[in-house]
Each structure stands twice: as C-alpha cells, then as structure tokens.
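Printed here is my_file.pdb (PDB, C-alpha atoms):
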ATOM      1  CA  MET A   1       0.000   0.000   0.000  1.00  0.00           C
ATOM      2  CA  ILE A   2       2.829   2.391   0.799  1.00  0.00           C
ATOM      3  CA  GLU A   3       4.489   1.740  -2.574  1.00  0.00           C
ATOM      4  CA  ARG A   4       1.238   2.335  -4.496  1.00  0.00           C
ATOM      5  CA  HIS A   5       0.632   5.534  -2.551  1.00  0.00           C
ATOM      6  CA  ALA A   6       4.121   6.810  -3.417  1.00  0.00           C
ATOM      7  CA  ILE A   7       3.658   6.177  -7.121  1.00  0.00           C
ATOM      8  CA  GLY A   8       0.195   7.680  -7.176  1.00  0.00           C
ATOM      9  CA  SER A   9       1.384  10.759  -5.352  1.00  0.00           C
ATOM     10  CA  LYS A  10       3.496  11.780  -8.351  1.00  0.00           C
ATOM     11  CA  GLY A  11       0.374  12.471 -10.432  1.00  0.00           C
ATOM     12  CA  PRO A  12      -0.811  15.593  -8.606  1.00  0.00           C
ATOM     13  CA  ARG A  13       2.692  17.079  -8.755  1.00  0.00           C
ATOM     14  CA  ARG A  14       3.117  16.535 -12.529  1.00  0.00           C
ATOM     15  CA  GLY A  15      -0.422  17.498 -13.521  1.00  0.00           C
ATOM     16  CA  PRO A  16      -0.271  21.272 -12.931  1.00  0.00           C
ATOM     17  CA  PHE A  17       3.215  21.519 -14.477  1.00  0.00           C
ATOM     18  CA  LEU A  18       2.039  19.739 -17.625  1.00  0.00           C
ATOM     19  CA  HIS A  19      -1.061  21.924 -17.900  1.00  0.00           C
ATOM     20  CA  VAL A  20       0.945  25.119 -17.463  1.00  0.00           C
ATOM     21  CA  SER A  21       3.494  23.976 -20.056  1.00  0.00           C
ATOM     22  CA  ILE A  22       0.762  23.220 -22.599  1.00  0.00           C
ATOM     23  CA  ALA A  23      -0.905  26.565 -21.879  1.00  0.00           C
ATOM     24  CA  LEU A  24       2.361  28.490 -22.352  1.00  0.00           C
ATOM     25  CA  PHE A  25       3.121  26.617 -25.570  1.00  0.00           C
ATOM     26  CA  GLY A  26      -0.367  27.355 -26.877  1.00  0.00           C
ATOM     27  CA  LEU A  27      -0.044  31.040 -25.959  1.00  0.00           C
ATOM     28  CA  ALA A  28       3.326  31.287 -27.713  1.00  0.00           C
ATOM     29  CA  ALA A  29       1.891  29.585 -30.798  1.00  0.00           C
ATOM     30  CA  PHE A  30      -1.136  31.915 -30.801  1.00  0.00           C
ATOM     31  CA  ILE A  31       1.070  35.018 -30.576  1.00  0.00           C
ATOM     32  CA  SER A  32       3.284  33.685 -33.379  1.00  0.00           C
ATOM     33  CA  PHE A  33       0.319  32.972 -35.662  1.00  0.00           C
ATOM     34  CA  ILE A  34      -1.087  36.472 -35.103  1.00  0.00           C
ATOM     35  CA  ALA A  35       2.319  38.063 -35.704  1.00  0.00           C
ATOM     36  CA  LEU A  36       2.761  36.123 -38.955  1.00  0.00           C
ATOM     37  CA  GLY A  37      -0.728  37.099 -40.082  1.00  0.00           C
ATOM     38  CA  ASN A  38      -0.015  40.768 -39.339  1.00  0.00           C
ATOM     39  CA  TRP A  39       3.266  40.542 -41.253  1.00  0.00           C
ATOM     40  CA  GLN A  40       1.470  39.161 -44.309  1.00  0.00           C
ATOM     41  CA  VAL A  41      -1.074  41.992 -44.121  1.00  0.00           C
ATOM     42  CA  GLU A  42       1.802  44.502 -44.089  1.00  0.00           C
ATOM     43  CA  ARG A  43       3.491  42.710 -47.003  1.00  0.00           C
ATOM     44  CA  ARG A  44       0.227  42.799 -48.966  1.00  0.00           C
ATOM     45  CA  ALA A  45      -0.056  46.562 -48.469  1.00  0.00           C
ATOM     46  CA  TRP A  46       3.558  46.970 -49.623  1.00  0.00           C
ATOM     47  CA  LYS A  47       2.974  44.760 -52.677  1.00  0.00           C
ATOM     48  CA  LEU A  48      -0.181  46.657 -53.706  1.00  0.00           C
ATOM     49  CA  ASP A  49       1.709  49.937 -53.409  1.00  0.00           C
ATOM     50  CA  LEU A  50       4.547  48.509 -55.516  1.00  0.00           C
ATOM     51  CA  ILE A  51       2.132  47.357 -58.218  1.00  0.00           C
ATOM     52  CA  GLU A  52       0.547  50.808 -58.334  1.00  0.00           C
ATOM     53  CA  ARG A  53       3.910  52.593 -58.498  1.00  0.00           C
ATOM     54  CA  VAL A  54       5.248  50.321 -61.241  1.00  0.00           C
ATOM     55  CA  GLY A  55       2.030  50.757 -63.215  1.00  0.00           C
ATOM     56  CA  GLN A  56       2.494  54.507 -63.087  1.00  0.00           C
ATOM     57  CA  ARG A  57       6.162  54.281 -64.100  1.00  0.00           C
ATOM     58  CA  VAL A  58       5.749  52.130 -67.196  1.00  0.00           C
ATOM     59  CA  HIS A  59       3.091  54.436 -68.621  1.00  0.00           C
ATOM     60  CA  ALA A  60       4.810  57.709 -67.736  1.00  0.00           C
ATOM     61  CA  SER A  61       6.658  59.888 -70.197  1.00  0.00           C
ATOM     62  CA  PRO A  62      10.304  58.809 -70.486  1.00  0.00           C
ATOM     63  CA  VAL A  63      12.991  60.610 -68.567  1.00  0.00           C
ATOM     64  CA  SER A  64      16.733  60.630 -69.175  1.00  0.00           C
ATOM     65  CA  ALA A  65      18.455  57.485 -67.896  1.00  0.00           C
ATOM     66  CA  PRO A  66      20.519  58.114 -64.738  1.00  0.00           C
ATOM     67  CA  ALA A  67      23.922  59.645 -65.477  1.00  0.00           C
ATOM     68  CA  PRO A  68      27.159  58.344 -63.870  1.00  0.00           C
ATOM     69  CA  GLU A  69      26.963  60.771 -60.968  1.00  0.00           C
ATOM     70  CA  GLN A  70      23.519  59.335 -60.161  1.00  0.00           C
ATOM     71  CA  TRP A  71      24.482  55.656 -60.389  1.00  0.00           C
ATOM     72  CA  PRO A  72      25.261  55.195 -56.671  1.00  0.00           C
ATOM     73  CA  ALA A  73      21.705  56.249 -55.785  1.00  0.00           C
ATOM     74  CA  VAL A  74      19.928  53.956 -58.267  1.00  0.00           C
ATOM     75  CA  ASN A  75      17.829  51.427 -56.354  1.00  0.00           C
ATOM     76  CA  ARG A  76      15.022  48.951 -56.851  1.00  0.00           C
ATOM     77  CA  ALA A  77      12.356  50.796 -54.874  1.00  0.00           C
ATOM     78  CA  ASP A  78      12.718  54.128 -56.676  1.00  0.00           C
ATOM     79  CA  ASP A  79      13.977  53.276 -60.140  1.00  0.00           C
ATOM     80  CA  GLU A  80      13.183  49.778 -61.406  1.00  0.00           C
ATOM     81  CA  TYR A  81      10.714  49.728 -64.321  1.00  0.00           C
ATOM     82  CA  ARG A  82      11.044  53.488 -64.711  1.00  0.00           C
ATOM     83  CA  ARG A  83      10.576  54.507 -68.339  1.00  0.00           C
ATOM     84  CA  VAL A  84      13.796  56.100 -69.529  1.00  0.00           C
ATOM     85  CA  SER A  85      15.524  57.125 -72.737  1.00  0.00           C
ATOM     86  CA  VAL A  86      19.198  57.246 -73.617  1.00  0.00           C
ATOM     87  CA  ARG A  87      21.156  58.726 -76.533  1.00  0.00           C
ATOM     88  CA  GLY A  88      24.346  57.176 -77.841  1.00  0.00           C
ATOM     89  CA  SER A  89      25.830  54.659 -80.250  1.00  0.00           C
ATOM     90  CA  PHE A  90      26.063  50.881 -79.987  1.00  0.00           C
ATOM     91  CA  VAL A  91      29.529  49.496 -79.252  1.00  0.00           C
ATOM     92  CA  PRO A  92      30.901  46.968 -81.774  1.00  0.00           C
ATOM     93  CA  GLY A  93      31.740  43.688 -80.024  1.00  0.00           C
ATOM     94  CA  GLY A  94      29.908  44.627 -76.851  1.00  0.00           C
ATOM     95  CA  GLU A  95      27.095  42.132 -77.337  1.00  0.00           C
ATOM     96  CA  PHE A  96      25.961  39.117 -75.287  1.00  0.00           C
ATOM     97  CA  LYS A  97      23.153  36.568 -75.470  1.00  0.00           C
ATOM     98  CA  VAL A  98      21.381  35.537 -72.271  1.00  0.00           C
ATOM     99  CA  ALA A  99      19.139  32.464 -72.008  1.00  0.00           C
ATOM    100  CA  ALA A 100      15.483  33.523 -71.932  1.00  0.00           C
ATOM    101  CA  ALA A 101      11.986  32.086 -71.898  1.00  0.00           C
ATOM    102  CA  THR A 102       9.383  34.469 -73.276  1.00  0.00           C
ATOM    103  CA  GLU A 103       5.877  34.465 -74.689  1.00  0.00           C
ATOM    104  CA  LEU A 104       7.532  33.932 -78.081  1.00  0.00           C
ATOM    105  CA  GLY A 105       9.322  30.801 -76.912  1.00  0.00           C
ATOM    106  CA  SER A 106      12.738  29.816 -75.581  1.00  0.00           C
ATOM    107  CA  GLY A 107      15.732  31.663 -76.901  1.00  0.00           C
ATOM    108  CA  TYR A 108      17.937  34.554 -75.874  1.00  0.00           C
ATOM    109  CA  TRP A 109      17.926  38.154 -74.791  1.00  0.00           C
ATOM    110  CA  VAL A 110      20.395  40.198 -76.822  1.00  0.00           C
ATOM    111  CA  LEU A 111      22.261  42.720 -74.693  1.00  0.00           C
ATOM    112  CA  THR A 112      24.417  45.286 -76.462  1.00  0.00           C
ATOM    113  CA  ALA A 113      26.531  47.996 -74.877  1.00  0.00           C
ATOM    114  CA  LEU A 114      25.725  51.572 -75.835  1.00  0.00           C
ATOM    115  CA  ARG A 115      28.117  54.462 -75.349  1.00  0.00           C
ATOM    116  CA  ARG A 116      26.251  57.599 -74.371  1.00  0.00           C
ATOM    117  CA  VAL A 117      27.133  61.007 -75.713  1.00  0.00           C
ATOM    118  CA  ASP A 118      28.825  61.789 -72.370  1.00  0.00           C
ATOM    119  CA  GLY A 119      31.119  58.764 -72.802  1.00  0.00           C
ATOM    120  CA  SER A 120      29.457  56.550 -70.186  1.00  0.00           C
ATOM    121  CA  LEU A 121      28.271  53.026 -70.966  1.00  0.00           C
ATOM    122  CA  VAL A 122      24.923  51.335 -70.476  1.00  0.00           C
ATOM    123  CA  PHE A 123      23.700  47.987 -71.743  1.00  0.00           C
ATOM    124  CA  ILE A 124      20.541  47.827 -73.838  1.00  0.00           C
ATOM    125  CA  ASN A 125      18.473  44.653 -73.812  1.00  0.00           C
ATOM    126  CA  ARG A 126      17.555  44.840 -77.492  1.00  0.00           C
ATOM    127  CA  GLY A 127      15.041  42.044 -77.044  1.00  0.00           C
ATOM    128  CA  TYR A 128      14.423  38.402 -77.855  1.00  0.00           C
ATOM    129  CA  VAL A 129      15.734  36.130 -80.604  1.00  0.00           C
ATOM    130  CA  GLY A 130      14.931  32.449 -81.010  1.00  0.00           C
ATOM    131  CA  GLN A 131      17.420  29.622 -80.655  1.00  0.00           C
ATOM    132  CA  GLY A 132      19.721  29.313 -83.627  1.00  0.00           C
ATOM    133  CA  VAL A 133      18.964  32.853 -84.792  1.00  0.00           C
ATOM    134  CA  THR A 134      21.841  35.249 -85.367  1.00  0.00           C
ATOM    135  CA  PRO A 135      20.661  38.677 -84.214  1.00  0.00           C
ATOM    136  CA  LEU A 136      20.864  41.508 -86.697  1.00  0.00           C
ATOM    137  CA  ALA A 137      23.563  44.050 -86.005  1.00  0.00           C
ATOM    138  CA  PRO A 138      22.335  47.241 -84.332  1.00  0.00           C
ATOM    139  CA  ALA A 139      22.062  50.500 -86.211  1.00  0.00           C
ATOM    140  CA  ASN A 140      25.202  52.563 -86.742  1.00  0.00           C
ATOM    141  CA  GLY A 141      25.532  56.127 -85.582  1.00  0.00           C
ATOM    142  CA  THR A 142      23.754  57.975 -82.828  1.00  0.00           C
ATOM    143  CA  VAL A 143      20.385  56.626 -81.757  1.00  0.00           C
ATOM    144  CA  VAL A 144      17.852  57.305 -79.018  1.00  0.00           C
ATOM    145  CA  VAL A 145      16.526  54.210 -77.243  1.00  0.00           C
ATOM    146  CA  THR A 146      13.517  54.260 -74.925  1.00  0.00           C
ATOM    147  CA  GLY A 147      12.635  51.439 -72.566  1.00  0.00           C
ATOM    148  CA  LEU A 148      12.326  50.292 -68.972  1.00  0.00           C
ATOM    149  CA  LEU A 149      15.151  50.562 -66.469  1.00  0.00           C
ATOM    150  CA  ARG A 150      16.091  47.216 -64.917  1.00  0.00           C
ATOM    151  CA  LEU A 151      18.696  46.582 -62.233  1.00  0.00           C
ATOM    152  CA  ASN A 152      21.752  44.413 -62.736  1.00  0.00           C
ATOM    153  CA  GLU A 153      21.186  40.663 -62.233  1.00  0.00           C
ATOM    154  CA  PRO A 154      24.451  39.324 -60.783  1.00  0.00           C
ATOM    155  CA  GLY A 155      25.547  35.706 -60.561  1.00  0.00           C
ATOM    156  CA  GLY A 156      23.191  33.760 -62.764  1.00  0.00           C
ATOM    157  CA  GLY A 157      19.742  32.175 -62.771  1.00  0.00           C
ATOM    158  CA  VAL A 158      17.946  30.239 -60.068  1.00  0.00           C
ATOM    159  CA  LEU A 159      19.601  26.919 -60.890  1.00  0.00           C
ATOM    160  CA  ARG A 160      22.554  27.863 -63.107  1.00  0.00           C
ATOM    161  CA  ASP A 161      25.477  30.222 -62.634  1.00  0.00           C
ATOM    162  CA  ASN A 162      26.832  32.382 -65.409  1.00  0.00           C
ATOM    163  CA  VAL A 163      29.996  31.003 -67.026  1.00  0.00           C
ATOM    164  CA  PRO A 164      31.537  34.049 -68.729  1.00  0.00           C
ATOM    165  CA  ASP A 165      34.637  32.182 -69.967  1.00  0.00           C
ATOM    166  CA  GLU A 166      32.413  29.834 -71.950  1.00  0.00           C
ATOM    167  CA  GLY A 167      29.952  32.495 -73.082  1.00  0.00           C
ATOM    168  CA  ARG A 168      27.068  31.001 -71.136  1.00  0.00           C
ATOM    169  CA  TRP A 169      24.823  33.586 -69.483  1.00  0.00           C
ATOM    170  CA  TYR A 170      21.682  32.871 -67.489  1.00  0.00           C
ATOM    171  CA  SER A 171      21.128  36.332 -66.009  1.00  0.00           C
ATOM    172  CA  ARG A 172      21.670  39.846 -67.269  1.00  0.00           C
ATOM    173  CA  ASP A 173      24.778  40.577 -65.218  1.00  0.00           C
ATOM    174  CA  VAL A 174      25.881  43.662 -67.114  1.00  0.00           C
ATOM    175  CA  ARG A 175      28.794  44.413 -64.811  1.00  0.00           C
ATOM    176  CA  ALA A 176      30.310  40.979 -65.453  1.00  0.00           C
ATOM    177  CA  MET A 177      29.627  41.424 -69.181  1.00  0.00           C
ATOM    178  CA  ALA A 178      31.472  44.734 -69.183  1.00  0.00           C
ATOM    179  CA  VAL A 179      34.479  43.082 -67.548  1.00  0.00           C
ATOM    180  CA  GLU A 180      34.373  40.202 -70.031  1.00  0.00           C
ATOM    181  CA  ALA A 181      34.284  42.619 -72.981  1.00  0.00           C
ATOM    182  CA  GLY A 182      36.915  44.923 -71.490  1.00  0.00           C
ATOM    183  CA  LEU A 183      34.542  47.875 -71.555  1.00  0.00           C
ATOM    184  CA  GLY A 184      35.378  49.318 -68.174  1.00  0.00           C
ATOM    185  CA  LYS A 185      32.847  50.884 -65.835  1.00  0.00           C
ATOM    186  CA  VAL A 186      29.223  50.449 -66.849  1.00  0.00           C
ATOM    187  CA  ALA A 187      25.855  51.563 -65.472  1.00  0.00           C
ATOM    188  CA  PRO A 188      24.484  49.332 -62.641  1.00  0.00           C
ATOM    189  CA  TYR A 189      21.349  48.862 -64.684  1.00  0.00           C
ATOM    190  CA  PHE A 190      20.300  47.950 -68.198  1.00  0.00           C
ATOM    191  CA  ILE A 191      17.389  49.136 -70.314  1.00  0.00           C
ATOM    192  CA  ASP A 192      14.749  46.809 -71.739  1.00  0.00           C
ATOM    193  CA  ALA A 193      14.158  48.384 -75.145  1.00  0.00           C
ATOM    194  CA  GLY A 194      10.563  48.920 -76.179  1.00  0.00           C
ATOM    195  CA  GLU A 195       8.986  47.464 -79.287  1.00  0.00           C
ATOM    196  CA  GLY A 196      10.328  48.924 -82.525  1.00  0.00           C
ATOM    197  CA  GLU A 197      13.166  50.851 -80.877  1.00  0.00           C
ATOM    198  CA  PRO A 198      16.499  51.290 -82.705  1.00  0.00           C
ATOM    199  CA  GLY A 199      18.285  47.926 -82.630  1.00  0.00           C
ATOM    200  CA  SER A 200      15.024  46.122 -81.812  1.00  0.00           C
ATOM    201  CA  PRO A 201      13.192  45.840 -85.119  1.00  0.00           C
ATOM    202  CA  GLY A 202      11.420  42.564 -84.422  1.00  0.00           C
ATOM    203  CA  GLY A 203      11.076  39.878 -87.062  1.00  0.00           C
ATOM    204  CA  ASP A 204      14.495  38.316 -87.677  1.00  0.00           C
ATOM    205  CA  GLY A 205      16.093  40.853 -85.376  1.00  0.00           C
ATOM    206  CA  PRO A 206      15.695  41.182 -81.614  1.00  0.00           C
ATOM    207  CA  THR A 207      12.097  41.795 -80.575  1.00  0.00           C
ATOM    208  CA  GLY A 208      11.751  44.401 -77.860  1.00  0.00           C
ATOM    209  CA  GLY A 209       8.842  45.276 -75.613  1.00  0.00           C
ATOM    210  CA  LEU A 210       8.583  41.850 -73.973  1.00  0.00           C
ATOM    211  CA  THR A 211       9.255  42.878 -70.390  1.00  0.00           C
ATOM    212  CA  VAL A 212       7.038  40.863 -68.067  1.00  0.00           C
ATOM    213  CA  ILE A 213       5.568  43.103 -65.403  1.00  0.00           C
ATOM    214  CA  SER A 214       3.771  40.920 -62.904  1.00  0.00           C
ATOM    215  CA  PHE A 215       4.095  40.506 -59.181  1.00  0.00           C
ATOM    216  CA  LYS A 216       2.891  37.468 -57.292  1.00  0.00           C
ATOM    217  CA  ASN A 217       0.518  38.609 -54.566  1.00  0.00           C
ATOM    218  CA  THR A 218      -0.627  35.739 -52.324  1.00  0.00           C
ATOM    219  CA  HIS A 219      -0.166  37.575 -49.052  1.00  0.00           C
ATOM    220  CA  LEU A 220      -3.905  37.680 -48.299  1.00  0.00           C
ATOM    221  CA  ILE A 221      -4.131  33.888 -48.560  1.00  0.00           C
ATOM    222  CA  TYR A 222      -1.204  33.472 -46.196  1.00  0.00           C
ATOM    223  CA  ALA A 223      -2.657  36.012 -43.770  1.00  0.00           C
ATOM    224  CA  VAL A 224      -5.989  34.189 -43.683  1.00  0.00           C
ATOM    225  CA  THR A 225      -4.116  30.912 -43.114  1.00  0.00           C
ATOM    226  CA  TRP A 226      -2.181  32.230 -40.134  1.00  0.00           C
ATOM    227  CA  TYR A 227      -5.229  33.903 -38.604  1.00  0.00           C
ATOM    228  CA  GLY A 228      -7.195  30.695 -39.194  1.00  0.00           C
ATOM    229  CA  LEU A 229      -4.596  28.664 -37.310  1.00  0.00           C
ATOM    230  CA  ALA A 230      -4.790  31.151 -34.445  1.00  0.00           C
ATOM    231  CA  ALA A 231      -8.589  30.823 -34.381  1.00  0.00           C
ATOM    232  CA  MET A 232      -8.338  27.017 -34.424  1.00  0.00           C
ATOM    233  CA  LEU A 233      -5.937  27.160 -31.512  1.00  0.00           C
ATOM    234  CA  VAL A 234      -8.370  29.297 -29.513  1.00  0.00           C
ATOM    235  CA  ALA A 235     -11.231  26.922 -30.347  1.00  0.00           C
ATOM    236  CA  ALA A 236      -9.174  23.917 -29.235  1.00  0.00           C
ATOM    237  CA  ALA A 237      -8.305  25.677 -25.978  1.00  0.00           C
ATOM    238  CA  LEU A 238     -11.954  26.458 -25.280  1.00  0.00           C
ATOM    239  CA  ILE A 239     -12.971  22.833 -25.938  1.00  0.00           C
ATOM    240  CA  ALA A 240     -10.231  21.572 -23.659  1.00  0.00           C
ATOM    241  CA  TRP A 241     -11.310  24.014 -20.943  1.00  0.00           C
ATOM    242  CA  ARG A 242     -14.931  22.976 -21.148  1.00  0.00           C
ATOM    243  CA  HIS A 243     -14.011  19.295 -20.839  1.00  0.00           C
ATOM    244  CA  ARG A 244     -11.392  19.717 -18.154  1.00  0.00           C
ATOM    245  CA  PRO A 245     -11.622  17.370 -15.130  1.00  0.00           C
ATOM    246  CA  LEU A 246     -13.487  18.965 -12.234  1.00  0.00           C
TER     247      LEU A 246
END

Take the structure in the file and give it back as structure tokens.
Amino acid sequence: MIERHAIGSKGPRRGPFLHVSIALFGLAAFISFIALGNWQVERRAWKLDLIERVGQRVHASPVSAPAPEQWPAVNRADDEYRRVSVRGSFVPGGEFKVAAATELGSGYWVLTALRRVDGSLVFINRGYVGQGVTPLAPANGTVVVTGLLRLNEPGGGVLRDNVPDEGRWYSRDVRAMAVEAGLGKVAPYFIDAGEGEPGSPGGDGPTGGLTVISFKNTHLIYAVTWYGLAAMLVAAALIAWRHRPL
C-alpha cells in the first residue's frame, strides 16, 4: 500500500506543471500565428503599393536614364521599371546573349553595350531572338533608345550560374559582361528596349517590348491561413477548458 501511494502521489505534482506547459506553448503559438498574419497583411499593403507605383512608371513619359553621378543612388524601390531614354551609339563587339523564356518561346535576350554622348556606358536589352537565330547588327551612328530601367542581375539564374569564360549567361549581369568585354565601368542597370526601338526591329532581329511586369501577390491567402490557425488554436483551448476534469 505504501508503494502504491508513493507512485500515485506523483500524479498531482506533474499534472499542474504539464497543464501550465501546454498553456504556455499554446499562448506562444497563438502570438506567433497572429504576428505572422499581421506581417502578411503589411506585405500585402507593400505589394499593392509597388504594383501601383510600377504601373504609373511604365506608362509615364520617359525621362533621361541616370547619369554616372547618379548611379550610386539607383535602387530597386525608386527606379526599377522606370521609363527612360538614352542617346548614344552601340559598341561593336559589346554584345551578349542571355538564355530567356518568353511568350515567343525559348531563346535569348540580346544585350548590347551603348556608349552615351557623355562617354558613359549602359547595356541595352535589345530584345528576344529564337534559338539558332543570329541577331541583326544594331544601327550605326547615334540613336535614341527608350525602354524600362532594370537593375543588374548578378551571378546567374535560379539553378545555373553564369559562365563568362564559356559564353554562357543565365542572367543579365551587365557588370560581369562589361568586364568580359573589357569595356570598363558600366551603369548598374540595363534598359529593356521597347517594341520597334532602334536595334530592336522585331522579325528576324531582336524583338523588344517583352518585359514581363507581374508581381505574385498571395499575401492575403497566407494572412488568412495564419489567422485561421490562431482561431483554431483558440477553439481547441476552449474545448479543452470545457471538458477539463473537475
């Protein structure tokens, strides 16, 4: 009898500790779910603002592309997808093909360096050509190209790194391209040429105007999911409380 009493006496001591531990874990989980839901709501507001700003930029009148003294301040939030124009001449030999998948099929983006009238360099994405197609040479002389400003894409694609020595490019890393071509300092951005711009005639030449402007916005779904988990946790706690031993 004494031995059974000793074993049974452990129950009352462990019971409250276990209940408190479960309650604290549930509270921490509830707070985390609410915090994650709030974060997704904030991200959704940011994404909607971004979509609105980009929509305004791509339809605005073009402005002059940032000059060298402005390059350090160029950033994604303020400048990407801004409609810009640039005057200069295409650089012979300063051309690269980057693997691309577009609405026209799989092929390449054709990026060609352009020397501005002030002597600075910026790459122009002249557009898409299909596999096996030799892009037409860009126009000679001074041209004015209008398009969308895009920031440098260093390193490579999601699954493949650029291999400059072998001429294999999976991202539009214009800084690495400038080094490979011995061009020197280049703008930290490139310009997606619009349809029919100089050097982007379409047809057998590069086809411009294919910039994809879309932003995945699933933050509301995630927010509802996190808030739903928090609500389920509260419901489970209420059920457990109602059926607690008296």

Within 9 Å of segment 75-92 of chain A, which residues of segment 160-216 of chain A show up? Give each one with its shortest atom-to-atom distance in Å (one decimal) and the two atoms involved, counting only C-alpha atoms, rows by chain then rising residue number, as a tab-separated table.
residue	atom	partner	partner_atom	distance
A:Tyr189	CA	A:Glu80	CA	8.8
A:Ile191	CA	A:Val84	CA	7.9
A:Asp192	CA	A:Tyr81	CA	8.9
A:Gly199	CA	A:Phe90	CA	8.7
A:Ile213	CA	A:Tyr81	CA	8.5

Which segment 44-109 of chain A residues have any atom within 7 Å of an atom of segment 152-170 of chain A, and for each, what is the nearest pair of atoms with distance in Å to one decimal, counting all atoms listed in the file, rows sorted by chain and number, as JSON lines?
{"residue": "A:Lys97", "atom": "CA", "partner": "A:Trp169", "partner_atom": "CA", "distance": 6.9}
{"residue": "A:Val98", "atom": "CA", "partner": "A:Trp169", "partner_atom": "CA", "distance": 4.8}
{"residue": "A:Ala99", "atom": "CA", "partner": "A:Tyr170", "partner_atom": "CA", "distance": 5.2}

For those residues, write C-alpha atoms to a file as an mmCIF file, in the frame of the given file.
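This went into selection_0.cif:
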data_model
loop_
_atom_site.group_PDB
_atom_site.id
_atom_site.type_symbol
_atom_site.label_atom_id
_atom_site.label_comp_id
_atom_site.auth_asym_id
_atom_site.auth_seq_id
_atom_site.Cartn_x
_atom_site.Cartn_y
_atom_site.Cartn_z
ATOM 1 C CA LYS A 97 23.153 36.568 -75.470
ATOM 2 C CA VAL A 98 21.381 35.537 -72.271
ATOM 3 C CA ALA A 99 19.139 32.464 -72.008
#

| said: With the PyMOL selection byres ((chain A and resi 112) around 12) as the selection, what would be picked from this file? Answer as a PyMOL selection string, please. | reply: chain A and resi 88-98+109-111+113-115+121-127+135-139+145+172+174+177-178+181+183+186+190-193+198-200+206

| query | Can you list, as a list of chain:residue names, the residues that the PyMOL selection byres ((chain A and resi 103) around 10) selects here? | reply |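 Applied to this file, the PyMOL selection byres ((chain A and resi 103) around 10) returns A:Ala101, A:Thr102, A:Leu104, A:Gly105, A:Ser106, A:Tyr128, A:Leu210, A:Val212.
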
| task | Determine the nearest neighbour of Asp204 of chain A from the options A:Gly184, A:Pro66, A:Gly130, A:Gly119, counting all atoms listed in the file. | result |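 Among the listed residues, the smallest separation from Asp204 of chain A belongs to A:Gly130.
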
| said: Ranking A:Leu233, A:Ala240, A:Leu149, A:Val179 by minimum distance to Ala28 of chain A and counting only C-alpha atoms, which one comes first? | reply: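 Ranking A:Leu233, A:Ala240, A:Leu149, A:Val179 by distance to Ala28 of chain A, first place goes to A:Leu233.
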
| field | Two-atom distance - atom CA of Trp226 of chain A, atom CA of Trp39 of chain A (Å) | value | 10.0 Å

| What does the distance from atom CA of Glu195 of chain A to atom CA of Leu148 of chain A come to in Å, to one decimal? | 11.2 Å

| field | Polymer residues at most 6 Å from (-0.4, 30.2, -36.4) by all atoms listed in the file, as JSON, numbers by chain | value | {"A": [30, 32, 33, 226, 229, 230]}

| task | Find, counting all atoms listed in the file, the residue in A:Glu197, A:Trp241, A:Gly107, A:Leu36 that gets nearest to Val133 of chain A. | result |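 Smallest distance to Val133 of chain A is found for A:Gly107.
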
| field | Length of the atom CA of Arg116 of chain A to atom CA of Arg150 of chain A vector [Å] | value |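 Atom-to-atom, atom CA of Arg116 of chain A and atom CA of Arg150 of chain A are spaced 17.3 Å apart.
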
Complete segment 64-75 of chain A at the level of N, CA, C and O atoms, written as a short mmCIF file (atom, residue, chain, number, x, y, z; two decimals), in the coordinates of the input.
data_model
loop_
_atom_site.label_atom_id
_atom_site.label_comp_id
_atom_site.auth_asym_id
_atom_site.auth_seq_id
_atom_site.Cartn_x
_atom_site.Cartn_y
_atom_site.Cartn_z
N SER A 64 15.37 61.00 -68.84
CA SER A 64 16.73 60.63 -69.18
C SER A 64 17.25 59.57 -68.21
O SER A 64 17.03 59.65 -66.99
N ALA A 65 17.90 58.54 -68.74
CA ALA A 65 18.45 57.48 -67.90
C ALA A 65 19.49 58.08 -66.94
O ALA A 65 20.18 59.05 -67.29
N PRO A 66 19.59 57.55 -65.72
CA PRO A 66 20.52 58.11 -64.74
C PRO A 66 21.95 58.22 -65.28
O PRO A 66 22.47 57.29 -65.89
N ALA A 67 22.55 59.38 -65.05
CA ALA A 67 23.92 59.64 -65.48
C ALA A 67 24.89 59.06 -64.44
O ALA A 67 24.50 58.69 -63.33
N PRO A 68 26.18 58.96 -64.78
CA PRO A 68 27.16 58.34 -63.87
C PRO A 68 27.15 58.89 -62.45
O PRO A 68 27.29 58.13 -61.49
N GLU A 69 26.98 60.20 -62.32
CA GLU A 69 26.96 60.77 -60.97
C GLU A 69 25.74 60.34 -60.17
O GLU A 69 25.72 60.45 -58.93
N GLN A 70 24.73 59.81 -60.84
CA GLN A 70 23.52 59.34 -60.16
C GLN A 70 23.53 57.82 -59.92
O GLN A 70 22.66 57.32 -59.21
N TRP A 71 24.46 57.11 -60.49
CA TRP A 71 24.48 55.66 -60.39
C TRP A 71 24.48 55.13 -58.95
O TRP A 71 23.77 54.18 -58.65
N PRO A 72 25.25 55.74 -58.04
CA PRO A 72 25.26 55.20 -56.67
C PRO A 72 23.89 55.22 -56.00
O PRO A 72 23.64 54.44 -55.07
N ALA A 73 23.01 56.12 -56.43
CA ALA A 73 21.70 56.25 -55.78
C ALA A 73 20.62 55.41 -56.45
O ALA A 73 19.49 55.34 -55.94
N VAL A 74 20.93 54.77 -57.58
CA VAL A 74 19.93 53.96 -58.27
C VAL A 74 19.56 52.75 -57.41
O VAL A 74 20.43 52.04 -56.92
N ASN A 75 18.27 52.53 -57.20
CA ASN A 75 17.83 51.43 -56.35
C ASN A 75 16.51 50.86 -56.88
O ASN A 75 15.81 51.48 -57.68
#
